[in-house]
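What's in work-v1.txt: compact mmCIF, C-alpha atoms
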```
# COMPACT_ATOMS: atom_id res chain seq x y z
CA MET E 2 30.47 -3.49 26.95
CA SER E 3 30.05 -0.30 24.89
CA GLU E 4 26.68 1.32 24.42
CA PRO E 5 24.58 0.13 21.45
CA LEU E 6 24.60 2.21 18.30
CA LEU E 7 20.84 1.71 17.93
CA ARG E 8 18.37 0.78 20.63
CA LEU E 9 14.63 0.28 20.73
CA ASP E 10 13.32 0.66 24.25
CA LYS E 11 9.79 -0.67 24.91
CA VAL E 12 8.63 0.27 21.42
CA SER E 13 5.02 -0.30 20.44
CA LYS E 14 3.27 0.66 17.23
CA ILE E 15 -0.52 0.84 17.17
CA TYR E 16 -2.70 1.80 14.23
CA GLU E 17 -6.19 3.02 15.04
CA ARG E 18 -9.15 3.07 12.69
CA GLY E 19 -12.36 4.20 14.30
CA ASP E 20 -12.94 1.98 17.31
CA SER E 21 -10.51 -0.72 16.18
CA LYS E 22 -6.83 -0.94 17.07
CA LEU E 23 -4.08 -2.94 15.38
CA GLU E 24 -1.02 -3.43 17.58
CA VAL E 25 1.76 -4.20 15.11
CA LEU E 26 4.65 -4.04 17.62
CA GLN E 27 4.35 -4.80 21.31
CA GLN E 28 6.93 -3.48 23.79
CA ILE E 29 9.93 -4.32 21.62
CA ASP E 30 13.44 -4.08 23.06
CA PHE E 31 16.28 -4.33 20.54
CA ASP E 32 19.97 -3.41 20.73
CA VAL E 33 22.28 -3.17 17.72
CA TYR E 34 25.98 -2.55 18.26
CA ALA E 35 28.33 -0.87 15.80
CA GLY E 36 29.57 -3.31 13.18
CA GLN E 37 26.99 -5.99 13.88
CA ALA E 38 25.12 -7.84 11.15
CA VAL E 39 21.59 -8.70 12.26
CA CYS E 40 18.90 -10.52 10.33
CA ILE E 41 15.22 -10.22 11.23
CA LEU E 42 12.96 -13.09 10.22
CA GLY E 43 9.26 -13.71 10.56
CA ALA E 44 6.07 -14.46 8.68
CA SER E 45 4.27 -11.82 6.63
CA GLY E 46 2.42 -9.47 8.94
CA ALA E 47 4.73 -10.09 11.88
CA GLY E 48 5.78 -6.43 11.98
CA LYS E 49 9.24 -6.72 10.41
CA SER E 50 8.92 -3.83 7.97
CA THR E 51 7.32 -1.62 10.61
CA LEU E 52 10.21 -2.40 12.96
CA LEU E 53 12.75 -1.51 10.28
CA HIS E 54 10.96 1.73 9.44
CA ILE E 55 10.98 2.75 13.10
CA LEU E 56 14.67 1.85 13.42
CA GLY E 57 15.36 4.08 10.42
CA THR E 58 13.11 6.91 11.70
CA LEU E 59 10.86 6.61 8.64
CA ASP E 60 8.03 6.05 11.12
CA ARG E 61 7.55 6.99 14.75
CA PRO E 62 6.59 4.58 17.53
CA THR E 63 3.30 4.97 19.35
CA GLU E 64 5.17 4.28 22.59
CA GLY E 65 8.81 3.82 23.53
CA ARG E 66 12.17 5.27 22.56
CA VAL E 67 14.38 4.97 19.48
CA LEU E 68 17.94 5.70 20.58
CA PHE E 69 20.91 6.46 18.32
CA ASN E 70 24.13 6.76 20.31
CA GLY E 71 21.93 7.34 23.35
CA LYS E 72 19.86 10.14 21.81
CA ASP E 73 16.09 9.63 21.52
CA MET E 74 15.38 10.19 17.84
CA ALA E 75 11.63 9.74 18.32
CA LYS E 76 11.55 13.19 19.94
CA GLU E 77 13.34 14.95 17.11
CA PRO E 78 11.44 17.17 14.63
CA ASP E 79 10.93 15.90 11.10
CA GLU E 80 13.57 18.15 9.53
CA HIS E 81 16.23 16.86 11.95
CA LEU E 82 15.24 13.28 11.20
CA ALA E 83 15.52 13.87 7.46
CA ARG E 84 19.07 15.16 7.95
CA PHE E 85 19.89 12.26 10.27
CA ARG E 86 18.68 9.69 7.73
CA ASN E 87 20.63 11.33 4.95
CA GLN E 88 23.87 11.33 6.92
CA GLU E 89 23.74 8.20 9.06
CA ILE E 90 21.46 5.59 7.45
CA GLY E 91 21.31 3.90 4.08
CA PHE E 92 18.14 2.16 2.94
CA VAL E 93 17.67 -0.66 0.45
CA PHE E 94 14.18 -1.96 -0.28
CA GLN E 95 12.76 -4.89 -2.23
CA PHE E 96 12.06 -2.56 -5.15
CA HIS E 97 14.88 -0.29 -6.23
CA HIS E 98 12.85 2.96 -6.36
CA LEU E 99 15.25 4.52 -8.87
CA LEU E 100 14.09 7.72 -10.55
CA SER E 101 13.42 6.91 -14.20
CA GLU E 102 14.37 10.35 -15.53
CA PHE E 103 17.88 10.18 -14.05
CA SER E 104 20.84 8.07 -15.14
CA ALA E 105 22.38 5.43 -12.91
CA LEU E 106 25.13 7.86 -11.89
CA GLU E 107 22.66 10.65 -11.16
CA ASN E 108 20.50 8.32 -9.06
CA VAL E 109 23.52 7.38 -6.94
CA MET E 110 24.52 11.03 -6.56
CA LEU E 111 21.12 12.20 -5.31
CA PRO E 112 21.56 11.73 -1.52
CA ALA E 113 24.90 13.55 -1.60
CA ARG E 114 23.46 16.39 -3.65
CA PHE E 115 20.49 16.70 -1.27
CA ALA E 116 23.02 17.00 1.56
CA GLY E 117 24.62 19.99 -0.16
CA GLN E 118 27.70 18.22 -1.46
CA SER E 119 29.25 19.73 -4.56
CA GLU E 120 28.43 18.07 -7.87
CA SER E 121 32.08 17.14 -8.45
CA LYS E 122 32.49 15.49 -5.03
CA ALA E 123 29.14 13.68 -5.30
CA ARG E 124 30.10 12.43 -8.77
CA GLU E 125 33.48 11.25 -7.49
CA HIS E 126 31.93 9.23 -4.65
CA ALA E 127 29.19 7.82 -6.88
CA LEU E 128 31.66 6.74 -9.58
CA GLU E 129 33.83 5.06 -6.96
CA LEU E 130 30.89 2.95 -5.83
CA LEU E 131 29.82 2.12 -9.38
CA GLN E 132 33.37 0.95 -10.09
CA LEU E 133 33.33 -1.25 -7.00
CA LEU E 134 30.05 -2.72 -8.24
CA GLY E 135 31.37 -3.28 -11.76
CA LEU E 136 28.84 -0.85 -13.20
CA GLU E 137 31.00 2.06 -14.28
CA ASP E 138 30.21 1.30 -17.95
CA ARG E 139 26.49 1.57 -17.12
CA SER E 140 26.70 4.92 -15.36
CA ASP E 141 25.05 6.87 -18.19
CA HIS E 142 22.24 4.35 -18.65
CA PHE E 143 18.72 5.00 -17.40
CA PRO E 144 16.89 2.50 -15.13
CA SER E 145 14.79 1.22 -18.05
CA GLU E 146 18.04 0.22 -19.78
CA LEU E 147 19.31 -1.83 -16.82
CA SER E 148 18.52 -5.38 -15.71
CA GLY E 149 16.77 -6.01 -12.39
CA GLY E 150 20.03 -7.03 -10.76
CA GLU E 151 21.79 -3.93 -12.07
CA GLN E 152 18.99 -1.70 -10.82
CA GLN E 153 19.26 -3.17 -7.34
CA ARG E 154 23.03 -2.75 -7.31
CA ILE E 155 22.51 0.91 -8.25
CA ALA E 156 20.11 1.15 -5.29
CA VAL E 157 22.81 -0.29 -3.02
CA ALA E 158 25.31 2.29 -4.31
CA ARG E 159 22.80 5.08 -3.70
CA ALA E 160 22.31 3.85 -0.13
CA LEU E 161 26.06 3.97 0.49
CA VAL E 162 27.09 7.19 -1.27
CA GLN E 163 26.89 9.19 1.98
CA ARG E 164 29.01 6.60 3.83
CA PRO E 165 26.30 5.87 6.42
CA LYS E 166 27.00 4.08 9.68
CA ILE E 167 23.97 1.82 9.27
CA LEU E 168 22.50 -0.02 6.30
CA LEU E 169 18.88 -1.09 6.69
CA ALA E 170 17.43 -3.42 4.09
CA ASP E 171 13.89 -4.73 3.67
CA GLU E 172 13.77 -7.89 1.53
CA PRO E 173 16.61 -6.57 -0.67
CA THR E 174 16.77 -9.79 -2.74
CA GLY E 175 13.05 -10.60 -2.72
CA ASN E 176 12.51 -9.45 -6.30
CA LEU E 177 15.60 -11.07 -7.85
CA ASP E 178 16.49 -14.40 -9.41
CA THR E 179 18.93 -16.72 -7.65
CA GLN E 180 22.08 -15.47 -9.37
CA ASN E 181 21.36 -11.80 -8.81
CA SER E 182 20.18 -12.50 -5.28
CA GLU E 183 23.50 -14.15 -4.41
CA GLN E 184 25.43 -11.22 -5.92
CA ILE E 185 23.51 -8.70 -3.82
CA GLN E 186 23.98 -10.81 -0.68
CA GLU E 187 27.73 -10.94 -1.26
CA LEU E 188 27.85 -7.17 -1.76
CA PHE E 189 26.25 -6.56 1.61
CA PHE E 190 28.98 -8.44 3.43
CA GLN E 191 31.79 -7.02 1.27
CA PHE E 192 30.67 -3.48 1.98
CA ARG E 193 30.18 -4.27 5.65
CA LEU E 194 33.89 -5.07 5.86
CA LYS E 195 35.05 -2.28 3.54
CA PHE E 196 33.06 0.54 5.16
CA GLY E 197 32.55 -0.81 8.70
CA LEU E 198 28.81 -0.92 8.20
CA THR E 199 26.24 -2.00 10.73
CA LEU E 200 23.69 -4.20 8.93
CA VAL E 201 20.07 -4.83 9.83
CA VAL E 202 18.28 -6.87 7.18
CA VAL E 203 14.73 -8.19 6.94
CA THR E 204 14.45 -11.26 4.73
CA HIS E 205 12.43 -14.42 4.07
CA ASP E 206 15.46 -16.02 2.39
CA VAL E 207 16.74 -18.66 4.80
CA ASN E 208 20.02 -19.04 2.89
CA PHE E 209 20.67 -15.30 3.15
CA ALA E 210 19.67 -15.36 6.82
CA SER E 211 22.08 -18.22 7.55
CA ARG E 212 25.03 -15.93 6.71
CA PHE E 213 24.23 -13.57 9.59
CA PRO E 214 25.92 -14.16 12.95
CA ARG E 215 22.83 -12.83 14.73
CA ARG E 216 19.27 -13.74 13.78
CA MET E 217 16.06 -12.56 15.43
CA VAL E 218 12.54 -13.88 14.82
CA LEU E 219 9.53 -11.59 15.08
CA LYS E 220 6.11 -13.14 15.63
CA ASP E 221 2.83 -11.27 16.16
CA GLY E 222 4.62 -8.06 17.05
CA HIS E 223 7.13 -9.38 19.56
CA TRP E 224 10.30 -11.45 19.63
CA ASN E 225 9.74 -15.17 19.41
```
Output the file's structure in the form of structure tokens.
Amino acid sequence: MSEPLLRLDKVSKIYERGDSKLEVLQQIDFDVYAGQAVCILGASGAGKSTLLHILGTLDRPTEGRVLFNGKDMAKEPDEHLARFRNQEIGFVFQFHHLLSEFSALENVMLPARFAGQSESKAREHALELLQLLGLEDRSDHFPSELSGGEQQRIAVARALVQRPKILLADEPTGNLDTQNSEQIQELFFQFRLKFGLTLVVVTHDVNFASRFPRRMVLKDGHWN
């Protein structure tokens, strides 16, 4: 078998406040292979979001290794991690986190522009994604002029504009009604096939979770 694309090796995360310690993750091992779709389930406070943040190098483990193609990202300096996230990982969160002063198109373009891509090329890639999402006629609208479902689809486009290898999502449908939730779920699997994405999704939605070929349950900081 090939090596995993992402691997957590004996990862623990401990928060200390004065004399007290909160161990959120306890010696977690986790392998994700290229092209896999993995769902992480668990009660609130189980450590799911912390695990996802460590996978995406948004946070560092207290102990253990975070390997991407065999390289320990936990040892990399912050500026290298920022570049790595921009190029290799797309993030979608429960709340869209769009910038209100920018249009839908400009929000999608941002990661590409931060990476130094020309405005014309970034616009081309962003428009392509908006067309795939059926939102090309909303490209000049600002977030306040979009519905909740449209805002989240813009967030998905922004996550994919750099053509990342991995898409990490934390409760991506948790703030949506049933219809919009189902649309977002379908997009994840469509884009997985179209772009060869590796998916790791945290969700409480059992119907969404049932669509994943691999499901993991986190309880009290370790796999259940």
Per-residue nearest contacts segment 99-187 of chain E to segment 54-70 of chain E, cut-off 10 Å, using all atoms listed in the file, as CSV:
```
residue,atom,partner,partner_atom,distance
E:Ile167,CA,E:Gly57,CA,9.0
E:Leu168,CA,E:Gly57,CA,9.2
E:Leu169,CA,E:Gly57,CA,7.3
E:Ala170,CA,E:His54,CA,9.8
E:Asp171,CA,E:His54,CA,9.1
```
Using the selection just defined, write its residues with C-alpha atoms as a PDB file, keeping the file's coordinate frame.
```pdb
ATOM      1  CA  ILE E 167      23.970   1.820   9.270  1.00  0.00           C
ATOM      2  CA  LEU E 168      22.500  -0.020   6.300  1.00  0.00           C
ATOM      3  CA  LEU E 169      18.880  -1.090   6.690  1.00  0.00           C
ATOM      4  CA  ALA E 170      17.430  -3.420   4.090  1.00  0.00           C
ATOM      5  CA  ASP E 171      13.890  -4.730   3.670  1.00  0.00           C
TER       6      ASP E 171
END
```
Find the residues around segment 183-186 of chain E up to 7 Å (only C-alpha atoms counted), leave out those fewer than 6 positions away in its own chain, and share them as a PyMOL selection string. chain E and resi 154+174+209
For the residues in that selection, give me C-alpha atoms as an mmCIF file, keeping the file's coordinate frame.
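That gives us out-v4.cif:
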```cif
data_model
loop_
_atom_site.group_PDB
_atom_site.id
_atom_site.type_symbol
_atom_site.label_atom_id
_atom_site.label_comp_id
_atom_site.auth_asym_id
_atom_site.auth_seq_id
_atom_site.Cartn_x
_atom_site.Cartn_y
_atom_site.Cartn_z
ATOM 1 C CA ARG E 154 23.030 -2.750 -7.310
ATOM 2 C CA THR E 174 16.770 -9.790 -2.740
ATOM 3 C CA PHE E 209 20.670 -15.300 3.150
#
```
Excluding same-chain residues fewer than 2 positions from Phe85 of chain E, what lies within 10 Å of it counting all atoms listed in the file, as a PyMOL selection string? chain E and resi 57-58+69+74+77+79-83+87-90+165
With only C-alpha atoms as the basis for distance, which of E:Ala35, E:Ile29, E:Leu100, E:Cys40 is at the shortest distance from Asn208 of chain E? E:Cys40
Have a look at E:Arg86, E:Lys76, E:His142, E:His126 and name the one nearest to Glu102 of chain E; count all atoms listed in the file. E:His142
Would you work out the distance separating atom CA of Ser148 of chain E from atom CA of Phe103 of chain E, expressed in Å to one decimal?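 Those two atoms sit 15.7 Å apart.
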Which residues, written as an MDAnalysis selection string, have at least one atom at most 7 Å from Ala160 of chain E, with all atoms listed in the file counted and residues fewer than 6 positions away on the same chain left out? chainID E and resid 91:93
List as a PyMOL selection string the protein and nucleic acid residues near Phe31 of chain E, meaning an atom at most 10 Å away when all atoms listed in the file are counted, but skip any in the same chain fewer than 5 places from it. chain E and resi 5+7-12+52+56+67+217+224
Take the point (28.9, 15.2, -7.9) as written in the file and pick out every residue within 12 Å of it, counting only C-alpha atoms; give the list as JSON, numbers by chain. {"E": [106, 107, 108, 109, 110, 111, 112, 113, 114, 115, 116, 117, 118, 119, 120, 121, 122, 123, 124, 125, 126, 127, 128, 129, 162, 163]}
Using C-alpha atoms, can you write the selected residues to a file as a tab-separated table (two decimals), keeping the file's coordinate frame?
```tsv
chain	number	residue	atom	x	y	z
E	106	LEU	CA	25.13	7.86	-11.89
E	107	GLU	CA	22.66	10.65	-11.16
E	108	ASN	CA	20.50	8.32	-9.06
E	109	VAL	CA	23.52	7.38	-6.94
E	110	MET	CA	24.52	11.03	-6.56
E	111	LEU	CA	21.12	12.20	-5.31
E	112	PRO	CA	21.56	11.73	-1.52
E	113	ALA	CA	24.90	13.55	-1.60
E	114	ARG	CA	23.46	16.39	-3.65
E	115	PHE	CA	20.49	16.70	-1.27
E	116	ALA	CA	23.02	17.00	1.56
E	117	GLY	CA	24.62	19.99	-0.16
E	118	GLN	CA	27.70	18.22	-1.46
E	119	SER	CA	29.25	19.73	-4.56
E	120	GLU	CA	28.43	18.07	-7.87
E	121	SER	CA	32.08	17.14	-8.45
E	122	LYS	CA	32.49	15.49	-5.03
E	123	ALA	CA	29.14	13.68	-5.30
E	124	ARG	CA	30.10	12.43	-8.77
E	125	GLU	CA	33.48	11.25	-7.49
E	126	HIS	CA	31.93	9.23	-4.65
E	127	ALA	CA	29.19	7.82	-6.88
E	128	LEU	CA	31.66	6.74	-9.58
E	129	GLU	CA	33.83	5.06	-6.96
E	162	VAL	CA	27.09	7.19	-1.27
E	163	GLN	CA	26.89	9.19	1.98
```
Would you work out the distance separating atom CA of Arg84 of chain E from atom CA of Lys195 of chain E, expressed in Å to one decimal?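 Computed distance, atom CA of Arg84 of chain E to atom CA of Lys195 of chain E, equals 24.1 Å.
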Within 9 Å of Leu26 of chain E using only C-alpha atoms, minus same-chain residues under 5 positions, as a VMD selection string: chain E and resid 12 to 15 47 to 49 51 to 52 62 221 to 223
By how many Å are atom CA of Gln180 of chain E and atom CA of Val207 of chain E apart?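 Answer for the atom CA of Gln180 of chain E to atom CA of Val207 of chain E separation: 15.5 Å.
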Find, counting all atoms listed in the file, the residue in E:Arg139, E:Arg212, E:His205, E:His98 that gets nearest to Ile41 of chain E.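 Counting all atoms listed in the file, the residue closest to Ile41 of chain E is E:His205.
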For Leu130 of chain E, the closest of E:Gly19, E:Gly150, E:Asp30, E:Ile155 counting only C-alpha atoms is E:Ile155
Output as lines of an AutoDock Vina configuration file the centre and edge lengths (Å, one decimal) of the box along x, y and z of the file that holds every listed atom of segment 186-203 of chain E after adding 4 Å on each side.
```
center_x = 24.9
center_y = -5.2
center_z = 4.5
size_x = 28.3
size_y = 19.5
size_z = 20.5
```
